[in-house]
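So the structure is just underneath, and the comments pick up after that.
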Amino acid sequence: MQKIEHIGIAVNTLEEGEAMYESLLGVKPYKREEVSAEKVTTSFFRQGPNKIELLAPIGEDGPISKFLAKNGPGIHHIAYAVTDIVAEMSRLSGEGFRLLNDKPKRGADNKYVCFLHPKSAGGVLIELCQEIPE
Ligand code: ZN
């Protein structure tokens, strides 16, 4: 693990979430990206070394939609940057963490990602992400 790469926050709509984060941070999002396989649309804010990812649902039956129905808007996951996601997945699996996917998936913002089940990680959904070389 290198550092916290971003914090993922579930919002009802990107418009609503972006308006609030623009007021809060005083900057505009630098990127919007849809990850249709996950039924989510995302918006990224950068502030200094830190990044916030807003996640809004597409449709009614994706993971963000379910999260919002259960919890309402709020912190959804914490993402850690890793240099070798496959090695890190194998290490964490060996440590007893439950991986939500057995192979890295392509996520937003040019990353390979893998999630760890919150039940195995102290109640926090953890994302591993590795930058995809251009
Ligand atoms: Zn994320």
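Convention: chains lettered A, B, ... in structure tokens order; per-chain residue numbering from 1; ligands numbered from 1 as shown.
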(request) Enumerate residues in contact with ligand 1: an atom-to-atom distance of at most 9 Å, counting only C-alpha atoms and all ligand atoms. Format the result as a list in words. (result) Glu5, His6, Ile7, Gly8, Ile9, Thr42, Ile52, Glu53, Leu54, Leu55, His76, His77, Ile78, Ala79, Tyr80, Gly107, Ala108, Asp109, Val113, Ile126, Glu127, Leu128 and Cys129 of chain A
(message) Show me, as JSON, numbers by chain, the residues that have an atom within 12 Å of range 14-17 of chain A when counting only C-alpha atoms, minus same-chain residues fewer than 4 positions from it.
(response) {"A": [8, 9, 10, 21, 22, 23, 24, 25, 28, 29, 31, 32, 33, 34, 40, 41, 42, 43, 44, 45, 52, 53, 54, 55, 56, 57, 58, 73, 74]}
Expected file: the selected residues, C-alpha atoms, as a PDB file, in the first residue's frame:
```pdb
ATOM      1  CA  GLY A   8     -15.356   7.611  -2.511  1.00  0.00           C
ATOM      2  CA  ILE A   9     -18.590   9.344  -1.556  1.00  0.00           C
ATOM      3  CA  ALA A  10     -22.043   8.202  -2.629  1.00  0.00           C
ATOM      4  CA  TYR A  21     -18.334  19.859  -3.279  1.00  0.00           C
ATOM      5  CA  GLU A  22     -17.679  22.898  -5.469  1.00  0.00           C
ATOM      6  CA  SER A  23     -18.934  25.086  -2.602  1.00  0.00           C
ATOM      7  CA  LEU A  24     -17.013  23.111  -0.012  1.00  0.00           C
ATOM      8  CA  LEU A  25     -13.661  22.831  -1.791  1.00  0.00           C
ATOM      9  CA  LYS A  28     -14.569  22.303  -9.928  1.00  0.00           C
ATOM     10  CA  PRO A  29     -14.402  18.597 -10.711  1.00  0.00           C
ATOM     11  CA  LYS A  31     -13.278  14.662 -14.624  1.00  0.00           C
ATOM     12  CA  ARG A  32     -16.595  12.893 -15.037  1.00  0.00           C
ATOM     13  CA  GLU A  33     -16.626   9.263 -16.009  1.00  0.00           C
ATOM     14  CA  GLU A  34     -19.220   6.566 -16.315  1.00  0.00           C
ATOM     15  CA  VAL A  40     -22.216   4.182 -11.586  1.00  0.00           C
ATOM     16  CA  THR A  41     -21.235   7.566 -12.825  1.00  0.00           C
ATOM     17  CA  THR A  42     -18.347   9.344 -11.130  1.00  0.00           C
ATOM     18  CA  SER A  43     -16.949  12.818 -10.716  1.00  0.00           C
ATOM     19  CA  PHE A  44     -13.458  13.594  -9.403  1.00  0.00           C
ATOM     20  CA  PHE A  45     -12.222  16.561  -7.387  1.00  0.00           C
ATOM     21  CA  ILE A  52     -12.557  12.853  -3.758  1.00  0.00           C
ATOM     22  CA  GLU A  53     -14.612  10.602  -6.012  1.00  0.00           C
ATOM     23  CA  LEU A  54     -18.353  11.203  -6.105  1.00  0.00           C
ATOM     24  CA  LEU A  55     -20.421   8.176  -7.083  1.00  0.00           C
ATOM     25  CA  ALA A  56     -23.981   8.479  -8.369  1.00  0.00           C
ATOM     26  CA  PRO A  57     -26.137   5.527  -9.373  1.00  0.00           C
ATOM     27  CA  ILE A  58     -27.220   4.668 -12.895  1.00  0.00           C
ATOM     28  CA  PRO A  73     -25.530   9.633   0.790  1.00  0.00           C
ATOM     29  CA  GLY A  74     -22.151   9.550   2.534  1.00  0.00           C
TER      30      GLY A  74
END
```
(request) Check the smallest atom-to-atom distance from each of A:Gln130, A:Gln47, A:Thr13, A:Ser65 to Met1 in chain A using only C-alpha atoms, then report the winner. (result)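 Among the listed residues, the smallest separation from Met1 in chain A belongs to A:Gln130.
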(message) Write out as a ChimeraX atom specification the set of residues from chain A that DSSP, computed on the backbone, places in alpha helix (DSSP H).
(response) /A:14-25,63-71,85-94
Any chance you could export the current selection's C-alpha atoms as a PDB file, in the first residue's frame?
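For reference, result_30.pdb as written:
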```
ATOM      1  CA  LEU A  14     -23.769  14.103  -9.631  1.00  0.00           C
ATOM      2  CA  GLU A  15     -25.372  17.541 -10.068  1.00  0.00           C
ATOM      3  CA  GLU A  16     -26.298  17.723  -6.390  1.00  0.00           C
ATOM      4  CA  GLY A  17     -22.977  16.252  -5.216  1.00  0.00           C
ATOM      5  CA  GLU A  18     -20.845  18.434  -7.480  1.00  0.00           C
ATOM      6  CA  ALA A  19     -22.660  21.601  -6.422  1.00  0.00           C
ATOM      7  CA  MET A  20     -21.978  20.851  -2.765  1.00  0.00           C
ATOM      8  CA  TYR A  21     -18.334  19.859  -3.279  1.00  0.00           C
ATOM      9  CA  GLU A  22     -17.679  22.898  -5.469  1.00  0.00           C
ATOM     10  CA  SER A  23     -18.934  25.086  -2.602  1.00  0.00           C
ATOM     11  CA  LEU A  24     -17.013  23.111  -0.012  1.00  0.00           C
ATOM     12  CA  LEU A  25     -13.661  22.831  -1.791  1.00  0.00           C
ATOM     13  CA  PRO A  63     -24.244  -1.305  -6.025  1.00  0.00           C
ATOM     14  CA  ILE A  64     -24.408   2.485  -5.460  1.00  0.00           C
ATOM     15  CA  SER A  65     -28.161   2.468  -5.816  1.00  0.00           C
ATOM     16  CA  LYS A  66     -28.361  -0.275  -3.170  1.00  0.00           C
ATOM     17  CA  PHE A  67     -25.908   1.550  -0.920  1.00  0.00           C
ATOM     18  CA  LEU A  68     -27.982   4.755  -1.101  1.00  0.00           C
ATOM     19  CA  ALA A  69     -31.218   2.900  -0.371  1.00  0.00           C
ATOM     20  CA  LYS A  70     -29.647   1.385   2.736  1.00  0.00           C
ATOM     21  CA  ASN A  71     -27.457   4.217   4.033  1.00  0.00           C
ATOM     22  CA  ILE A  85      -2.492  -4.952  -7.489  1.00  0.00           C
ATOM     23  CA  VAL A  86      -2.242  -8.690  -8.192  1.00  0.00           C
ATOM     24  CA  ALA A  87       0.497  -9.134  -5.578  1.00  0.00           C
ATOM     25  CA  GLU A  88      -1.425  -6.991  -3.092  1.00  0.00           C
ATOM     26  CA  MET A  89      -4.646  -8.968  -3.686  1.00  0.00           C
ATOM     27  CA  SER A  90      -2.817 -12.201  -3.023  1.00  0.00           C
ATOM     28  CA  ARG A  91      -1.137 -10.820   0.107  1.00  0.00           C
ATOM     29  CA  LEU A  92      -4.418  -9.484   1.541  1.00  0.00           C
ATOM     30  CA  SER A  93      -6.294 -12.649   0.715  1.00  0.00           C
ATOM     31  CA  GLY A  94      -3.593 -14.530   2.637  1.00  0.00           C
TER      32      GLY A  94
END
```
(request) Take CA of Asn110 in chain A and CA of Tyr30 in chain A and report the distance between them in Å, one decimal. (result) 13.6 Å
Shell around Leu99 in chain A at 8 Å using only C-alpha atoms, local window under 2 positions removed, as a PDB file with N, CA, C and O atoms, in the first residue's frame:
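In the end it all went to result-v8.pdb:
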```
ATOM      1  N   MET A  89      -3.435  -8.154  -3.850  1.00  0.00           N
ATOM      2  CA  MET A  89      -4.646  -8.968  -3.686  1.00  0.00           C
ATOM      3  C   MET A  89      -4.291 -10.314  -3.063  1.00  0.00           C
ATOM      4  O   MET A  89      -4.971 -10.802  -2.164  1.00  0.00           O
ATOM      5  N   SER A  93      -5.504 -11.440   0.632  1.00  0.00           N
ATOM      6  CA  SER A  93      -6.294 -12.649   0.715  1.00  0.00           C
ATOM      7  C   SER A  93      -5.651 -13.606   1.726  1.00  0.00           C
ATOM      8  O   SER A  93      -6.328 -14.189   2.574  1.00  0.00           O
ATOM      9  N   PHE A  97      -8.443 -11.203   4.346  1.00  0.00           N
ATOM     10  CA  PHE A  97      -9.424 -10.262   3.789  1.00  0.00           C
ATOM     11  C   PHE A  97     -10.182 -10.934   2.652  1.00  0.00           C
ATOM     12  O   PHE A  97      -9.595 -11.719   1.908  1.00  0.00           O
ATOM     13  N   ASN A 101     -13.632  -9.254  -5.926  1.00  0.00           N
ATOM     14  CA  ASN A 101     -13.419  -9.782  -7.266  1.00  0.00           C
ATOM     15  C   ASN A 101     -12.096 -10.529  -7.287  1.00  0.00           C
ATOM     16  O   ASN A 101     -11.162 -10.162  -6.576  1.00  0.00           O
ATOM     17  N   ASP A 102     -12.046 -11.615  -8.041  1.00  0.00           N
ATOM     18  CA  ASP A 102     -10.827 -12.426  -7.997  1.00  0.00           C
ATOM     19  C   ASP A 102      -9.760 -11.966  -8.988  1.00  0.00           C
ATOM     20  O   ASP A 102      -8.620 -12.391  -8.904  1.00  0.00           O
ATOM     21  N   CYS A 114      -9.727  -3.351  -7.196  1.00  0.00           N
ATOM     22  CA  CYS A 114     -10.289  -4.535  -6.534  1.00  0.00           C
ATOM     23  C   CYS A 114     -10.840  -4.043  -5.195  1.00  0.00           C
ATOM     24  O   CYS A 114     -10.225  -3.191  -4.553  1.00  0.00           O
ATOM     25  N   PHE A 115     -11.991  -4.566  -4.811  1.00  0.00           N
ATOM     26  CA  PHE A 115     -12.595  -4.160  -3.538  1.00  0.00           C
ATOM     27  C   PHE A 115     -12.478  -5.283  -2.504  1.00  0.00           C
ATOM     28  O   PHE A 115     -12.501  -6.468  -2.852  1.00  0.00           O
ATOM     29  N   LEU A 116     -12.350  -4.885  -1.239  1.00  0.00           N
ATOM     30  CA  LEU A 116     -12.354  -5.836  -0.130  1.00  0.00           C
ATOM     31  C   LEU A 116     -13.680  -5.710   0.601  1.00  0.00           C
ATOM     32  O   LEU A 116     -14.158  -4.594   0.842  1.00  0.00           O
ATOM     33  N   HIS A 117     -14.268  -6.841   0.941  1.00  0.00           N
ATOM     34  CA  HIS A 117     -15.566  -6.818   1.606  1.00  0.00           C
ATOM     35  C   HIS A 117     -15.472  -6.110   2.957  1.00  0.00           C
ATOM     36  O   HIS A 117     -14.577  -6.408   3.749  1.00  0.00           O
TER      37      HIS A 117
END
```
(message) Which of chain A end up as strand (DSSP E) when DSSP is run on this backbone - answer as a PyMOL selection string?
(response) chain A and resi 3-10+31-35+40-47+50-57+74-81+105-107+111-116+126-131
(request) To one decimal in Å, tell me the separation between CA of Thr83 in chain A and CA of Lys103 in chain A. (result)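 That distance, rounded to one decimal, is 15.3 Å.
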(request) Could you tell me how far CA of Ile4 in chain A lies from CA of Gly59 in chain A, in Å and to one decimal? (result) 29.1 Å
(message) Taking only C-alpha atoms into account, name the residue in A:Val27, A:Ile75, A:Val11, A:Ala81 that is nearest to Lys111 in chain A.
(response)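 Closest residue, counting only C-alpha atoms: A:Ala81.
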